[in-house]
>>> print(open('input15.pdb').read())   # PDB, C-alpha atoms
ATOM      1  CA  MET D   6     -11.193 -11.832   2.269
ATOM      2  CA  LYS D   7      -7.848 -13.557   2.838
ATOM      3  CA  PHE D   8      -4.728 -11.408   2.924
ATOM      4  CA  ALA D   9      -1.109 -12.482   2.453
ATOM      5  CA  VAL D  10       1.404 -10.426   4.427
ATOM      6  CA  ILE D  11       4.762 -10.878   2.697
ATOM      7  CA  VAL D  12       7.726 -11.276   5.045
ATOM      8  CA  PHE D  13      11.220 -10.502   3.794
ATOM      9  CA  PRO D  14      14.369 -10.839   5.894
ATOM     10  CA  GLY D  15      14.361  -7.440   7.608
ATOM     11  CA  SER D  16      10.633  -6.689   7.365
ATOM     12  CA  ASN D  17       9.578  -5.176  10.683
ATOM     13  CA  CYS D  18       6.002  -3.958  10.176
ATOM     14  CA  ASP D  19       4.623  -7.358   9.186
ATOM     15  CA  ARG D  20       3.047  -7.909  12.614
ATOM     16  CA  ASP D  21       1.397  -4.480  12.560
ATOM     17  CA  MET D  22      -0.059  -5.305   9.160
ATOM     18  CA  LEU D  23      -1.321  -8.738  10.188
ATOM     19  CA  TRP D  24      -2.809  -7.295  13.380
ATOM     20  CA  ALA D  25      -4.614  -4.533  11.499
ATOM     21  CA  VAL D  26      -6.311  -6.782   8.963
ATOM     22  CA  SER D  27      -7.003  -9.761  11.213
ATOM     23  CA  GLU D  28      -7.688  -8.411  14.714
ATOM     24  CA  ILE D  29      -9.091  -4.991  13.841
ATOM     25  CA  LEU D  30     -10.598  -5.496  10.397
ATOM     26  CA  GLY D  31     -11.700  -9.059  11.194
ATOM     27  CA  GLU D  32     -10.517 -10.636   7.938
ATOM     28  CA  GLU D  33      -8.299 -13.676   7.429
ATOM     29  CA  ALA D  34      -4.556 -13.107   7.068
ATOM     30  CA  SER D  35      -1.351 -15.146   7.031
ATOM     31  CA  TYR D  36       2.339 -14.467   6.683
ATOM     32  CA  VAL D  37       3.959 -15.584   3.428
ATOM     33  CA  ARG D  38       7.730 -15.830   3.508
ATOM     34  CA  HIS D  39       9.982 -14.390   0.817
ATOM     35  CA  ASP D  40      11.182 -17.864  -0.182
ATOM     36  CA  GLU D  41       7.720 -19.287  -0.781
ATOM     37  CA  THR D  42       6.497 -19.647  -4.347
ATOM     38  CA  SER D  43       2.698 -19.578  -4.185
ATOM     39  CA  LEU D  44      -0.072 -17.141  -3.344
ATOM     40  CA  ALA D  45      -2.812 -19.710  -3.966
ATOM     41  CA  GLY D  46      -5.852 -19.100  -1.771
ATOM     42  CA  PHE D  47      -5.189 -15.416  -1.178
ATOM     43  CA  ASP D  48      -7.418 -12.542  -2.305
ATOM     44  CA  GLY D  49      -5.055  -9.674  -1.529
ATOM     45  CA  VAL D  50      -1.329  -9.122  -0.984
ATOM     46  CA  LEU D  51       0.174  -6.705   1.545
ATOM     47  CA  LEU D  52       3.858  -5.712   1.501
ATOM     48  CA  PRO D  53       4.828  -4.336   4.900
ATOM     49  CA  GLY D  54       7.373  -1.777   5.993
ATOM     50  CA  GLY D  55      10.855  -2.525   7.232
ATOM     51  CA  PHE D  56      14.390  -2.821   5.967
ATOM     52  CA  SER D  57      14.311  -5.860   3.719
ATOM     53  CA  TYR D  58      17.806  -7.211   3.086
ATOM     54  CA  GLY D  59      19.145  -4.420   5.267
ATOM     55  CA  ASP D  60      18.329  -1.859   2.555
ATOM     56  CA  TYR D  61      21.562  -3.024   0.921
ATOM     57  CA  LEU D  62      22.321  -1.539  -2.502
ATOM     58  CA  ARG D  63      19.024   0.420  -2.583
ATOM     59  CA  CYS D  64      15.834  -0.038  -0.564
ATOM     60  CA  GLY D  65      13.815  -2.859  -2.104
ATOM     61  CA  ALA D  66      16.373  -3.625  -4.820
ATOM     62  CA  ILE D  67      17.294  -7.084  -3.565
ATOM     63  CA  SER D  68      13.838  -8.140  -2.297
ATOM     64  CA  ARG D  69      12.571  -7.674  -5.794
ATOM     65  CA  PHE D  70      14.486 -10.836  -6.765
ATOM     66  CA  SER D  71      13.149 -13.043  -3.945
ATOM     67  CA  ASN D  72      11.067 -16.099  -4.913
ATOM     68  CA  ILE D  73       7.707 -14.760  -3.863
ATOM     69  CA  MET D  74       8.059 -11.579  -5.897
ATOM     70  CA  SER D  75       7.478 -13.297  -9.235
ATOM     71  CA  GLU D  76       4.184 -14.535  -7.774
ATOM     72  CA  VAL D  77       3.357 -11.044  -6.462
ATOM     73  CA  ILE D  78       4.021  -9.639  -9.945
ATOM     74  CA  ARG D  79       1.821 -12.322 -11.534
ATOM     75  CA  PHE D  80      -0.928 -11.663  -8.953
ATOM     76  CA  ALA D  81      -0.775  -7.945  -9.746
ATOM     77  CA  GLU D  82      -0.828  -8.544 -13.486
ATOM     78  CA  GLU D  83      -4.019 -10.566 -13.041
ATOM     79  CA  GLY D  84      -5.630  -7.377 -11.750
ATOM     80  CA  ARG D  85      -5.795  -8.535  -8.132
ATOM     81  CA  PRO D  86      -5.137  -6.177  -5.221
ATOM     82  CA  VAL D  87      -1.610  -5.516  -4.026
ATOM     83  CA  PHE D  88      -0.765  -2.901  -1.401
ATOM     84  CA  GLY D  89       2.728  -1.809  -0.391
ATOM     85  CA  THR D  90       3.537   0.592   2.417
ATOM     86  CA  CYS D  91       6.949   2.107   3.146
ATOM     87  CA  ASN D  92       9.482  -0.617   2.261
ATOM     88  CA  GLY D  93       6.639  -2.246   0.302
ATOM     89  CA  PHE D  94       6.476   0.929  -1.826
ATOM     90  CA  GLN D  95      10.222   0.670  -2.422
ATOM     91  CA  VAL D  96      10.023  -3.016  -3.351
ATOM     92  CA  LEU D  97       7.121  -2.542  -5.774
ATOM     93  CA  THR D  98       8.739   0.389  -7.587
ATOM     94  CA  GLU D  99      11.993  -1.589  -7.840
ATOM     95  CA  ALA D 100       9.943  -4.473  -9.264
ATOM     96  CA  GLY D 101       8.653  -2.113 -11.934
ATOM     97  CA  LEU D 102       4.966  -2.396 -10.961
ATOM     98  CA  LEU D 103       4.878   1.350 -10.364
ATOM     99  CA  PRO D 104       6.880   4.091 -12.059
ATOM    100  CA  GLY D 105       9.493   6.212 -10.301
ATOM    101  CA  ALA D 106      11.741   5.516  -7.334
ATOM    102  CA  LEU D 107      12.264   6.457  -3.693
ATOM    103  CA  LYS D 108      15.353   8.353  -2.627
ATOM    104  CA  ARG D 109      16.891   9.531   0.610
ATOM    105  CA  ASN D 110      14.804  12.167   2.423
ATOM    106  CA  ASP D 111      15.971  15.668   1.527
ATOM    107  CA  SER D 112      16.739  16.349   5.197
ATOM    108  CA  LEU D 113      18.847  13.128   5.395
ATOM    109  CA  HIS D 114      16.935  12.423   8.612
ATOM    110  CA  PHE D 115      14.796   9.425   9.383
ATOM    111  CA  VAL D 116      11.372  10.958   9.991
ATOM    112  CA  CYS D 117       8.963   9.229  12.380
ATOM    113  CA  LYS D 118       5.757  11.083  13.228
ATOM    114  CA  THR D 119       2.070  11.399  12.473
ATOM    115  CA  ILE D 120       1.432  13.607   9.454
ATOM    116  CA  GLN D 121      -1.549  14.890   7.519
ATOM    117  CA  LEU D 122      -2.443  13.359   4.198
ATOM    118  CA  LYS D 123      -4.909  14.522   1.599
ATOM    119  CA  VAL D 124      -6.951  11.889  -0.223
ATOM    120  CA  VAL D 125      -6.711  13.373  -3.723
ATOM    121  CA  ASN D 126      -8.365  10.423  -5.437
ATOM    122  CA  ASN D 127     -11.183   8.636  -3.605
ATOM    123  CA  GLU D 128     -12.213   6.726  -6.705
ATOM    124  CA  THR D 129      -9.708   3.904  -6.244
ATOM    125  CA  ALA D 130     -10.617   0.517  -4.775
ATOM    126  CA  PHE D 131      -8.341   1.407  -1.831
ATOM    127  CA  THR D 132      -9.810   4.801  -0.969
ATOM    128  CA  SER D 133     -13.528   4.598  -1.756
ATOM    129  CA  GLU D 134     -14.438   4.906   1.933
ATOM    130  CA  TYR D 135     -12.813   8.360   2.130
ATOM    131  CA  ARG D 136     -14.260  11.651   0.935
ATOM    132  CA  GLN D 137     -12.529  13.380  -1.970
ATOM    133  CA  ASN D 138      -9.845  15.765  -0.598
ATOM    134  CA  GLU D 139     -10.422  14.509   2.945
ATOM    135  CA  ILE D 140      -7.497  15.195   5.296
ATOM    136  CA  ILE D 141      -6.479  12.170   7.348
ATOM    137  CA  ARG D 142      -3.844  11.568  10.040
ATOM    138  CA  VAL D 143      -1.459   8.656   9.487
ATOM    139  CA  PRO D 144       2.092   8.015  10.745
ATOM    140  CA  ILE D 145       5.206   7.941   8.614
ATOM    141  CA  ALA D 146       8.525   6.304   9.557
ATOM    142  CA  HIS D 147      11.149   6.352   6.851
ATOM    143  CA  GLY D 148      14.580   7.600   5.847
ATOM    144  CA  GLU D 149      14.195   7.041   2.121
ATOM    145  CA  GLY D 150      10.716   8.162   1.165
ATOM    146  CA  SER D 151      11.323  10.992  -1.241
ATOM    147  CA  TYR D 152       9.400   9.976  -4.340
ATOM    148  CA  TYR D 153      11.142  10.824  -7.587
ATOM    149  CA  CYS D 154      10.098  10.476 -11.208
ATOM    150  CA  ASP D 155      10.861  12.413 -14.381
ATOM    151  CA  GLU D 156       8.592  15.154 -15.759
ATOM    152  CA  ALA D 157       6.977  12.917 -18.373
ATOM    153  CA  THR D 158       6.081  10.300 -15.750
ATOM    154  CA  LEU D 159       4.710  12.970 -13.417
ATOM    155  CA  SER D 160       2.453  14.351 -16.166
ATOM    156  CA  LYS D 161       1.207  10.854 -16.887
ATOM    157  CA  LEU D 162       0.500  10.209 -13.193
ATOM    158  CA  LYS D 163      -1.513  13.430 -13.033
ATOM    159  CA  GLU D 164      -3.345  12.793 -16.281
ATOM    160  CA  ASN D 165      -4.416   9.281 -15.202
ATOM    161  CA  HIS D 166      -5.338  10.389 -11.646
ATOM    162  CA  GLN D 167      -2.725   7.971 -10.282
ATOM    163  CA  ILE D 168      -1.689  10.285  -7.455
ATOM    164  CA  VAL D 169      -3.872   9.115  -4.555
ATOM    165  CA  PHE D 170      -2.353  10.658  -1.408
ATOM    166  CA  THR D 171      -0.367  13.872  -1.031
ATOM    167  CA  TYR D 172       1.315  15.334   2.047
ATOM    168  CA  GLU D 173      -0.737  18.190   3.446
ATOM    169  CA  GLY D 174       0.769  21.230   5.173
ATOM    170  CA  GLU D 175       4.323  19.922   5.269
ATOM    171  CA  ASN D 176       6.313  17.738   2.889
ATOM    172  CA  PRO D 177       8.379  15.531   5.232
ATOM    173  CA  ASN D 178      10.851  14.127   2.701
ATOM    174  CA  GLY D 179      11.101  16.325  -0.415
ATOM    175  CA  SER D 180       8.856  14.069  -2.459
ATOM    176  CA  ILE D 181       8.078  15.444  -5.925
ATOM    177  CA  ALA D 182       4.622  17.124  -6.116
ATOM    178  CA  ASN D 183       4.123  16.223  -2.412
ATOM    179  CA  ILE D 184       3.372  12.653  -3.480
ATOM    180  CA  ALA D 185       2.754  10.243  -0.602
ATOM    181  CA  GLY D 186       0.944   7.462  -2.470
ATOM    182  CA  ILE D 187       0.215   6.390  -6.039
ATOM    183  CA  VAL D 188      -1.732   3.673  -7.813
ATOM    184  CA  ASN D 189      -0.911   1.836 -11.025
ATOM    185  CA  GLU D 190      -2.842   2.527 -14.227
ATOM    186  CA  LYS D 191      -5.104  -0.497 -13.786
ATOM    187  CA  GLY D 192      -5.910   0.648 -10.248
ATOM    188  CA  ASN D 193      -5.093  -2.624  -8.462
ATOM    189  CA  VAL D 194      -1.613  -1.866  -7.070
ATOM    190  CA  LEU D 195      -1.396   0.955  -4.556
ATOM    191  CA  VAL D 196       1.752   2.095  -2.782
ATOM    192  CA  MET D 197       2.322   4.740  -0.142
ATOM    193  CA  MET D 198       5.052   5.743   2.315
ATOM    194  CA  PRO D 199       2.680   6.400   5.277
ATOM    195  CA  HIS D 200       1.433   3.506   7.394
ATOM    196  CA  PRO D 201      -2.372   3.167   7.436
ATOM    197  CA  GLU D 202      -1.948  -0.131   9.328
ATOM    198  CA  ARG D 203      -0.555   1.837  12.272
ATOM    199  CA  ALA D 204      -3.660   4.035  12.412
ATOM    200  CA  VAL D 205      -6.488   1.558  12.768
ATOM    201  CA  GLU D 206      -7.761   2.273  16.298
ATOM    202  CA  GLU D 207      -8.026   5.390  18.461
ATOM    203  CA  LEU D 208      -5.675   3.811  20.990
ATOM    204  CA  LEU D 209      -2.909   4.211  18.395
ATOM    205  CA  GLY D 210      -3.611   7.925  18.027
ATOM    206  CA  SER D 211      -5.685   7.726  14.861
ATOM    207  CA  ALA D 212      -8.157   5.339  13.270
ATOM    208  CA  ASP D 213      -8.046   7.101   9.906
ATOM    209  CA  GLY D 214      -6.176   4.219   8.277
ATOM    210  CA  LEU D 215      -8.925   1.698   8.924
ATOM    211  CA  ARG D 216     -11.093   2.896   6.055
ATOM    212  CA  PHE D 217      -8.211   2.151   3.683
ATOM    213  CA  PHE D 218      -8.500  -1.565   4.457
ATOM    214  CA  GLN D 219     -12.287  -1.377   4.637
ATOM    215  CA  SER D 220     -12.231   0.025   1.087
ATOM    216  CA  MET D 221     -10.130  -2.942  -0.053
ATOM    217  CA  VAL D 222     -12.518  -5.430   1.532
ATOM    218  CA  LYS D 223     -15.560  -3.678   0.130
ATOM    219  CA  ASN D 224     -14.168  -3.588  -3.398
ATOM    220  CA  TYR D 225     -12.248  -6.854  -3.538
ATOM    221  CA  GLY D 226     -13.807  -8.904  -0.751
ATOM    222  CA  LYS D 227     -16.058 -10.972  -2.958
ATOM    223  CA  VAL D 228     -13.203 -12.085  -5.206
ATOM    224  CA  THR D 229     -12.411 -15.765  -4.733
ATOM    225  CA  ASN D 230      -9.851 -18.060  -6.279
TER     226      ASN D 230
ATOM    227  CA  MET W   3      38.228 -13.795 -17.161
ATOM    228  CA  TYR W   4      37.263 -10.142 -17.205
ATOM    229  CA  PHE W   5      37.682  -7.539 -14.520
ATOM    230  CA  VAL W   6      34.814  -5.044 -14.632
ATOM    231  CA  LYS W   7      34.404  -1.727 -12.841
ATOM    232  CA  VAL W   8      30.928  -0.208 -12.667
ATOM    233  CA  TYR W   9      30.191   3.358 -11.560
ATOM    234  CA  VAL W  10      26.620   4.326 -10.628
ATOM    235  CA  MET W  11      25.633   7.963 -10.090
ATOM    236  CA  TYR W  12      22.416   9.878  -9.591
ATOM    237  CA  LYS W  13      21.360  11.537 -12.859
ATOM    238  CA  GLU W  14      22.249  15.221 -13.165
ATOM    239  CA  SER W  15      18.585  16.168 -12.687
ATOM    240  CA  VAL W  16      18.357  14.372  -9.330
ATOM    241  CA  LEU W  17      19.354  16.187  -6.155
ATOM    242  CA  ASP W  18      21.917  14.245  -4.117
ATOM    243  CA  PRO W  19      21.280  15.286  -0.503
ATOM    244  CA  GLN W  20      24.208  13.210   0.826
ATOM    245  CA  GLY W  21      26.564  14.937  -1.585
ATOM    246  CA  GLN W  22      25.221  18.317  -0.481
ATOM    247  CA  ALA W  23      25.793  17.414   3.192
ATOM    248  CA  VAL W  24      29.386  16.367   2.491
ATOM    249  CA  LEU W  25      29.913  19.537   0.458
ATOM    250  CA  GLY W  26      28.783  21.553   3.486
ATOM    251  CA  ALA W  27      31.385  19.796   5.661
ATOM    252  CA  VAL W  28      34.106  20.365   3.051
ATOM    253  CA  HIS W  29      33.262  24.068   3.043
ATOM    254  CA  ARG W  30      33.438  24.133   6.845
ATOM    255  CA  MET W  31      36.956  22.637   6.480
ATOM    256  CA  GLY W  32      37.769  25.783   4.541
ATOM    257  CA  HIS W  33      37.773  24.323   1.023
ATOM    258  CA  GLU W  34      35.511  26.835  -0.662
ATOM    259  CA  GLU W  35      37.164  25.954  -3.999
ATOM    260  CA  ILE W  36      35.292  22.640  -4.040
ATOM    261  CA  GLN W  37      32.068  23.609  -5.724
ATOM    262  CA  ASP W  38      30.085  20.411  -5.977
ATOM    263  CA  ILE W  39      30.160  16.858  -4.640
ATOM    264  CA  ARG W  40      28.036  13.998  -5.839
ATOM    265  CA  ILE W  41      28.160  10.580  -4.205
ATOM    266  CA  GLY W  42      27.855   7.420  -6.250
ATOM    267  CA  LYS W  43      28.516   3.714  -5.999
ATOM    268  CA  TYR W  44      31.454   1.727  -7.315
ATOM    269  CA  PHE W  45      31.426  -2.023  -8.022
ATOM    270  CA  GLU W  46      34.243  -4.389  -8.973
ATOM    271  CA  MET W  47      33.336  -7.688 -10.587
ATOM    272  CA  LYS W  48      35.220 -10.734 -11.822
ATOM    273  CA  VAL W  49      33.341 -12.207 -14.730
ATOM    274  CA  ALA W  50      34.061 -15.502 -16.477
ATOM    275  CA  LYS W  51      33.946 -15.513 -20.278
ATOM    276  CA  SER W  52      30.743 -16.938 -21.707
ATOM    277  CA  GLU W  53      28.794 -17.244 -24.966
ATOM    278  CA  ARG W  54      27.165 -13.862 -24.417
ATOM    279  CA  PRO W  55      29.078 -10.653 -25.085
ATOM    280  CA  ILE W  56      30.398  -9.269 -21.800
ATOM    281  CA  GLU W  57      28.753  -5.879 -22.498
ATOM    282  CA  ALA W  58      25.309  -7.492 -22.704
ATOM    283  CA  VAL W  59      25.842  -9.307 -19.411
ATOM    284  CA  ILE W  60      27.032  -6.197 -17.587
ATOM    285  CA  GLU W  61      24.262  -3.996 -18.975
ATOM    286  CA  GLU W  62      21.576  -6.467 -17.956
ATOM    287  CA  VAL W  63      22.918  -6.601 -14.407
ATOM    288  CA  CYS W  64      23.227  -2.815 -14.253
ATOM    289  CA  ASP W  65      19.776  -2.142 -15.713
ATOM    290  CA  LYS W  66      18.002  -4.624 -13.468
ATOM    291  CA  LEU W  67      19.941  -4.475 -10.233
ATOM    292  CA  LEU W  68      23.031  -2.323  -9.764
ATOM    293  CA  ALA W  69      21.362   0.915 -10.880
ATOM    294  CA  ASN W  70      17.806   2.169 -10.704
ATOM    295  CA  VAL W  71      17.607   3.741 -14.137
ATOM    296  CA  ASN W  72      14.687   5.932 -13.054
ATOM    297  CA  MET W  73      17.109   8.063 -11.088
ATOM    298  CA  GLU W  74      20.609   6.748 -11.689
ATOM    299  CA  SER W  75      22.949   6.345 -14.643
ATOM    300  CA  TYR W  76      25.943   4.049 -14.899
ATOM    301  CA  ARG W  77      29.120   3.487 -16.878
ATOM    302  CA  TYR W  78      31.532   0.592 -16.870
ATOM    303  CA  GLU W  79      35.088  -0.336 -17.783
ATOM    304  CA  ILE W  80      36.091  -3.824 -18.854
ATOM    305  CA  SER W  81      39.616  -5.196 -18.777
ATOM    306  CA  GLU W  82      41.105  -8.640 -19.311
ATOM    307  CA  ALA W  83      42.221 -10.417 -16.152
ATOM    308  CA  GLU W  84      43.997 -13.656 -15.290
TER     309      GLU W  84
END
>>> encode(input="input15.pdb", output="structure tokens")
Amino acid sequence: MKFAVIVFPGSNCDRDMLWAVSEILGEEASYVRHDETSLAGFDGVLLPGGFSYGDYLRCGAISRFSNIMSEVIRFAEEGRPVFGTCNGFQVLTEAGLLPGALKRNDSLHFVCKTIQLKVVNNETAFTSEYRQNEIIRVPIAHGEGSYYCDEATLSKLKENHQIVFTYEGENPNGSIANIAGIVNEKGNVLVMMPHPERAVEELLGSADGLRFFQSMVKNYGKVTN
Amino acid sequence: MYFVKVYVMYKESVLDPQGQAVLGAVHRMGHEEIQDIRIGKYFEMKVAKSERPIEAVIEEVCDKLLANVNMESYRYEISEAE
């Protein structure tokens, strides 16, 4: 499986992402810059964390208009896998691929630590290698990760089983319904604030994130262009 | 040419933690009479006249970029400028 790691000006977790899928997972991966216009040859798209465009205006608001994003949107609309973590979550909600928005953490603090997550839906193509309701340990590092949506959207997310990860034990940012990660209705675009790519080997403190990428490869790996 | 002012605020239903933090500081200054503070964004734009109605142009820019309508609302004022 060949992954594209999208690099915006201000992305800073792109190397972590590339390392996780190439060196640890053993798949192919390349960087694709924000000003490129093609995703030809790729089987999956990964939007890394960081502070694209300095978080100016709102996190992800400006990146959404970069050249590569129209390709990412097309790729997603074709039903192909797109994953966004942290700033990637912010960019993909701003792009309208997922409902809701991310706001400043309730505490106003940037929170950087390993937290517990509950896998509340293991029937997605991104979480099939986890057990239902399994608790995993994955780091978070964000200042604006408080997921917000209106009541109608929240009911729809629940009804369609689109809530995939919730914070367990402690809600680090004030996110509505303890939401840490959601998937689109089609099931091919998943976004989350925590960083599974930073938890792919015991040396990093947890290897619980590895099965996230293994799920992607298992479910999408045979797709070719 | 038009001169346009755009104001973007969190919707009433959305908690504004920055506003709450500033409110706390204002209370510590002794201004208990200030009961609520909400922080928003203010934009000034110079816009050339075009075929499209100015309102349509401004609303498109606000809806797609200046505000995130999931959590924010906006209003604008348009005046004629040199």
>>> resolve_selection(input="input15.pdb", expression="the PyMOL selection byres ((chain W and resi 72-80) around 10)", output="ChimeraX atom specification")
/D:98-99,104-108,153-155 /W:4-17,42-49,56-57,60-61,64-65,68-71,81-83
>>> resolve_selection(input="input15.pdb", expression="the PyMOL selection byres ((chain W and resi 23) around 12)", output="MDAnalysis selection string")
(chainID D and resid 111:114) or (chainID W and resid 17:22 24:30 38:41)
>>> atom_distance(input="input15.pdb", atom1="CA of Pro144 in chain D", atom2="CA of Glu33 in chain D")
24.3 Å
>>> resolve_selection(input="input15.pdb", expression="the PyMOL selection byres ((chain D and resi 51) around 7)", output="ChimeraX atom specification")
/D:8-11,49-50,52-53,87-89
>>> write_last_selection(input="input15.pdb", atoms="C-alpha atoms", output="PDB file, in the frame of the given file")
ATOM      1  CA  PHE D   8      -4.728 -11.408   2.924  1.00  0.00           C
ATOM      2  CA  ALA D   9      -1.109 -12.482   2.453  1.00  0.00           C
ATOM      3  CA  VAL D  10       1.404 -10.426   4.427  1.00  0.00           C
ATOM      4  CA  ILE D  11       4.762 -10.878   2.697  1.00  0.00           C
ATOM      5  CA  GLY D  49      -5.055  -9.674  -1.529  1.00  0.00           C
ATOM      6  CA  VAL D  50      -1.329  -9.122  -0.984  1.00  0.00           C
ATOM      7  CA  LEU D  52       3.858  -5.712   1.501  1.00  0.00           C
ATOM      8  CA  PRO D  53       4.828  -4.336   4.900  1.00  0.00           C
ATOM      9  CA  VAL D  87      -1.610  -5.516  -4.026  1.00  0.00           C
ATOM     10  CA  PHE D  88      -0.765  -2.901  -1.401  1.00  0.00           C
ATOM     11  CA  GLY D  89       2.728  -1.809  -0.391  1.00  0.00           C
TER      12      GLY D  89
END
>>> residues_around(input="input15.pdb", residues="range 55-57 of chain D", least_positions_apart="6", cutoff="8 Å", atoms="all atoms listed in the file", output="ChimeraX atom specification")
/D:13-18,64-65,67-68,91-92
>>> write_last_selection(input="input15.pdb", atoms="C-alpha atoms", output="mmCIF file, in the frame of the given file")
data_model
loop_
_atom_site.group_PDB
_atom_site.id
_atom_site.type_symbol
_atom_site.label_atom_id
_atom_site.label_comp_id
_atom_site.auth_asym_id
_atom_site.auth_seq_id
_atom_site.Cartn_x
_atom_site.Cartn_y
_atom_site.Cartn_z
ATOM 1 C CA PHE D 13 11.220 -10.502 3.794
ATOM 2 C CA PRO D 14 14.369 -10.839 5.894
ATOM 3 C CA GLY D 15 14.361 -7.440 7.608
ATOM 4 C CA SER D 16 10.633 -6.689 7.365
ATOM 5 C CA ASN D 17 9.578 -5.176 10.683
ATOM 6 C CA CYS D 18 6.002 -3.958 10.176
ATOM 7 C CA CYS D 64 15.834 -0.038 -0.564
ATOM 8 C CA GLY D 65 13.815 -2.859 -2.104
ATOM 9 C CA ILE D 67 17.294 -7.084 -3.565
ATOM 10 C CA SER D 68 13.838 -8.140 -2.297
ATOM 11 C CA CYS D 91 6.949 2.107 3.146
ATOM 12 C CA ASN D 92 9.482 -0.617 2.261
#
>>> residues_around(input="input15.pdb", residues="Glu32 in chain D", least_positions_apart="5", cutoff="9 Å", atoms="only C-alpha atoms", output="list of chain:residue names")
D:Met6, D:Lys7, D:Phe8, D:Val26, D:Ser27, D:Val222
>>> closest_residue(input="input15.pdb", among="W:Glu84, W:Pro55, W:Lys66, W:Gln37", to="chain D", atoms="all atoms listed in the file")
W:Lys66
>>> atom_distance(input="input15.pdb", atom1="CA of Asp40 in chain D", atom2="CA of Phe115 in chain D")
29.1 Å
>>> residues_around(input="input15.pdb", residues="range 121-138 of chain D", least_positions_apart="5", cutoff="8 Å", atoms="only C-alpha atoms", output="count of residues only")
22
>>> residues_around(input="input15.pdb", residues="Asn110 in chain D", least_positions_apart="3", cutoff="7 Å", atoms="only C-alpha atoms", output="list in words")
Leu113, His114, Gly148, Glu149, Gly150, Ser151, Asn178 and Gly179 of chain D
>>> write_last_selection(input="input15.pdb", atoms="C-alpha atoms", output="PDB file, in the coordinates of the input")
ATOM      1  CA  LEU D 113      18.847  13.128   5.395  1.00  0.00           C
ATOM      2  CA  HIS D 114      16.935  12.423   8.612  1.00  0.00           C
ATOM      3  CA  GLY D 148      14.580   7.600   5.847  1.00  0.00           C
ATOM      4  CA  GLU D 149      14.195   7.041   2.121  1.00  0.00           C
ATOM      5  CA  GLY D 150      10.716   8.162   1.165  1.00  0.00           C
ATOM      6  CA  SER D 151      11.323  10.992  -1.241  1.00  0.00           C
ATOM      7  CA  ASN D 178      10.851  14.127   2.701  1.00  0.00           C
ATOM      8  CA  GLY D 179      11.101  16.325  -0.415  1.00  0.00           C
TER       9      GLY D 179
END
>>> decode(input="input15.pdb", residues="range 24-37 of chain W", atoms="N, CA and C atoms", output="JSON list (two decimals), in the first residue's frame")
[["chain", "number", "residue", "atom", "x", "y", "z"],
["W", 24, "VAL", "N", -10.87, 36.10, 30.19],
["W", 24, "VAL", "CA", -10.74, 37.56, 30.26],
["W", 24, "VAL", "C", -11.73, 38.12, 31.28],
["W", 25, "LEU", "N", -12.94, 37.53, 31.31],
["W", 25, "LEU", "CA", -13.93, 37.95, 32.29],
["W", 25, "LEU", "C", -13.40, 37.77, 33.71],
["W", 26, "GLY", "N", -12.71, 36.64, 33.93],
["W", 26, "GLY", "CA", -12.12, 36.39, 35.25],
["W", 26, "GLY", "C", -11.14, 37.50, 35.63],
["W", 27, "ALA", "N", -10.30, 37.91, 34.67],
["W", 27, "ALA", "CA", -9.32, 38.96, 34.93],
["W", 27, "ALA", "C", -10.00, 40.30, 35.21],
["W", 28, "VAL", "N", -11.07, 40.57, 34.46],
["W", 28, "VAL", "CA", -11.82, 41.82, 34.65],
["W", 28, "VAL", "C", -12.44, 41.85, 36.05],
["W", 29, "HIS", "N", -12.92, 40.70, 36.50],
["W", 29, "HIS", "CA", -13.47, 40.63, 37.86],
["W", 29, "HIS", "C", -12.37, 40.83, 38.90],
["W", 30, "ARG", "N", -11.18, 40.29, 38.62],
["W", 30, "ARG", "CA", -10.07, 40.49, 39.57],
["W", 30, "ARG", "C", -9.63, 41.96, 39.61],
["W", 31, "MET", "N", -9.90, 42.71, 38.49],
["W", 31, "MET", "CA", -9.63, 44.15, 38.50],
["W", 31, "MET", "C", -10.64, 44.88, 39.37],
["W", 32, "GLY", "N", -11.71, 44.19, 39.74],
["W", 32, "GLY", "CA", -12.72, 44.82, 40.58],
["W", 32, "GLY", "C", -13.99, 45.20, 39.84],
["W", 33, "HIS", "N", -14.06, 44.88, 38.56],
["W", 33, "HIS", "CA", -15.25, 45.25, 37.77],
["W", 33, "HIS", "C", -16.29, 44.14, 37.75],
["W", 34, "GLU", "N", -16.92, 43.94, 38.90],
["W", 34, "GLU", "CA", -17.93, 42.90, 39.02],
["W", 34, "GLU", "C", -19.16, 43.21, 38.16],
["W", 35, "GLU", "N", -19.32, 44.52, 37.79],
["W", 35, "GLU", "CA", -20.50, 44.90, 37.00],
["W", 35, "GLU", "C", -20.43, 44.35, 35.58],
["W", 36, "ILE", "N", -19.27, 43.96, 35.13],
["W", 36, "ILE", "CA", -19.16, 43.36, 33.79],
["W", 36, "ILE", "C", -19.52, 41.88, 33.91],
["W", 37, "GLN", "N", -20.62, 41.52, 33.28],
["W", 37, "GLN", "CA", -21.20, 40.21, 33.55],
["W", 37, "GLN", "C", -20.82, 39.15, 32.53]]
